[in-house]
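Taking it in order: structure first as structure tokens, then the write-up.
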Amino acid sequence: MSSHYAGESTLRPEPDQVLQDIADYVHNYKIDSELAFETARLCLIDTIGCGLEALRFPECTKLLGPVVEGTTVPNGTRVPGTNFQLDPIRGAFNIGAAIRWLDFNDCFLAAEWGHPSDNLGAILAVADHLARRGQPLTVRDILEAMIKAHEIQGGLALLNSFNRVGLDHVVLVKVASTAVVSKLLGLSRDQTIDAVSQAWVDGQSLRTYRHAPNTGPRKAWAAGDACSRAVNLALFVKKGERGLPSVLTAKTWGFYDVLFKGKPFEFQRPYGSYIMENVLFKISYPAEFHAQTAVEAAHHIHDKLKAIGKSAADIKNVRIRTQEAAVRIIDKQGPLDNFADRDHAISYMVAYPLIFGELTSESYTDASAADPRIDELRAKIFCVEEPRFSVDYHDPEKRSIGNALLVELTDGTVLDEVEIEYPVGHKRRRAEGTPLLINKFKRHISYHYDEAHQQKILDTVSDAASFSKLPVDKFTDLFVKS
């Protein structure tokens, strides 16, 4: 008798352990770190402010609002800084896209980098919608969801480099957001596993090439897209859609084999509150985070040049000692065509403050970039990897983001090198950075509200105890456009 193929088994396997660990963390882990909650409060304030600041740029606002103009959804999500009232899927896109637009929200750097506060797009959209339907959610619930979303995204990023296989970090936003909004929406542990499994395969938006050369502008709305997909997936599962239990480990078809070169994820530590406690805030400059200390050093050198009667016109060359990640991501030569290109080019982010003594959101506009002195100075700037910075970048007890600038002038003078290891938004500089972070928030709300309302907002968010008890819909009402 000839041999025959018995066929592939139709028995559903046990869910991948990675999926189970995420669901168990979301549903069962109690956050008891006051440091994490206080950092989350600062993160919430800062993230809302970053979204408000983005609304001053038409390139962002043209993408916002309902799909059909004029649509208002009953009990819909309110989008801070606007009068939109949207379904939670579209609301998540709006909030997430605005938060991420200027690259000014928080950051976490490891084997993979990312911006964990991107997840607030999904969290706030769902929480506000549920609160307006009568669910008794408070700011404390938002903070807990933020801590857990940060932890999931950051925990996956600590030892696993998605960018090295051509995947953008927003896939982790989609996974983390799906997990935490599943809990908010009342899904069970098993349903959360189903939803998170779908997040690993949903669409091909995870294959974005924002950092590849000659591929066009960075899609600043990618985080909004990830947030909206996360909410959509959780709602699908709530309606009965099943998951893919071996989505990561399945032979040939699973995520590991198809997209991660057959390598399973590695984990440095169990899920807790480490990521939120160690998150990096962008405080002084709207610049890609690997360049933050370089920008700070450039400001010091600008002041030094001014003190000795010199200017950027007297610079012969600038050497930047930096981390390997910065060399790989933001060391770019040649034309920079738009805002997104410029805030991801270390030569631009250093040249601008060397010339003008400042770096703001407006510094990246076409009008600002038209000054020929910028590209002239960019051509004199070069990067070299500093191995010590690369090692300390990955050290879990340091997480430094070091840069050092050495400037030689045309008359042969070599200025003292300026080296900065920790940006002002780092945990090691939190006491110094917190007042500056609040000032950043004040600046961002000042463009949208009169002085009386600005003070009402500040009074509300400043008292941590009462703020955490505030109903979610009352919080979002603070930011509705008058």
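Scheme for the structure tokens: letters A, B, ... for chains in order shown; per-chain residue numbers from 1; ligand numbers from 1 in order shown.
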Backbone DSSP call of helix (DSSP H, G or I) for range 301-426 of chain A, listed as a PyMOL selection string:
chain A and resi 301-307+312-314+324-330+339-342+346-356+361-364+366-369+372-378+387-394
Could you pull out the strand (DSSP E or B) residues of range 29-134 of chain A from DSSP and send them as a ChimeraX atom specification?
/A:77-78,85-86,107-108,114
Mind giving me the straight-line distance from CA of Glu408 in chain A to CA of Asn317 in chain A in Å, one decimal?
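Separation of CA of Glu408 in chain A and CA of Asn317 in chain A: 5.5 Å.
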From the options A:Glu241, A:Asp416, A:Glu386, A:Glu397, which residue's atoms come nearest to His300 in chain A, counting only C-alpha atoms?
A:Asp416
Write out as a list of chain:residue names each polymer residue whose atoms come within 7 Å of range 242-255 of chain A, counting only C-alpha atoms; drop sequence neighbours fewer than 4 positions from it.
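So the residues in contact are A:Pro13, A:Glu14, A:Pro15, A:Asp16, A:Asp194, A:Ala195, A:Ser197, A:Gln198, A:Val237, A:Leu259, A:Phe260.
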What lies within 10 Å of Lys398 in chain A using only C-alpha atoms, ignoring chain neighbours under 3 positions off, as a ChimeraX atom specification?
/A:278,391-395,401,421-422,426-428
Store the residues picked out above in a file with C-alpha atoms, as an mmCIF file, in the first residue's frame.
data_model
loop_
_atom_site.group_PDB
_atom_site.id
_atom_site.type_symbol
_atom_site.label_atom_id
_atom_site.label_comp_id
_atom_site.auth_asym_id
_atom_site.auth_seq_id
_atom_site.Cartn_x
_atom_site.Cartn_y
_atom_site.Cartn_z
ATOM 1 C CA ASN A 278 12.736 55.104 33.531
ATOM 2 C CA VAL A 391 27.743 50.311 25.948
ATOM 3 C CA ASP A 392 26.169 52.713 28.457
ATOM 4 C CA TYR A 393 23.184 53.182 26.148
ATOM 5 C CA HIS A 394 22.216 49.535 26.754
ATOM 6 C CA ASP A 395 23.228 49.347 30.432
ATOM 7 C CA ILE A 401 22.280 58.805 25.577
ATOM 8 C CA GLU A 421 25.703 61.800 28.829
ATOM 9 C CA TYR A 422 22.209 62.276 30.232
ATOM 10 C CA HIS A 426 16.407 61.394 31.916
ATOM 11 C CA LYS A 427 15.455 59.821 35.241
ATOM 12 C CA ARG A 428 18.833 60.927 36.672
#
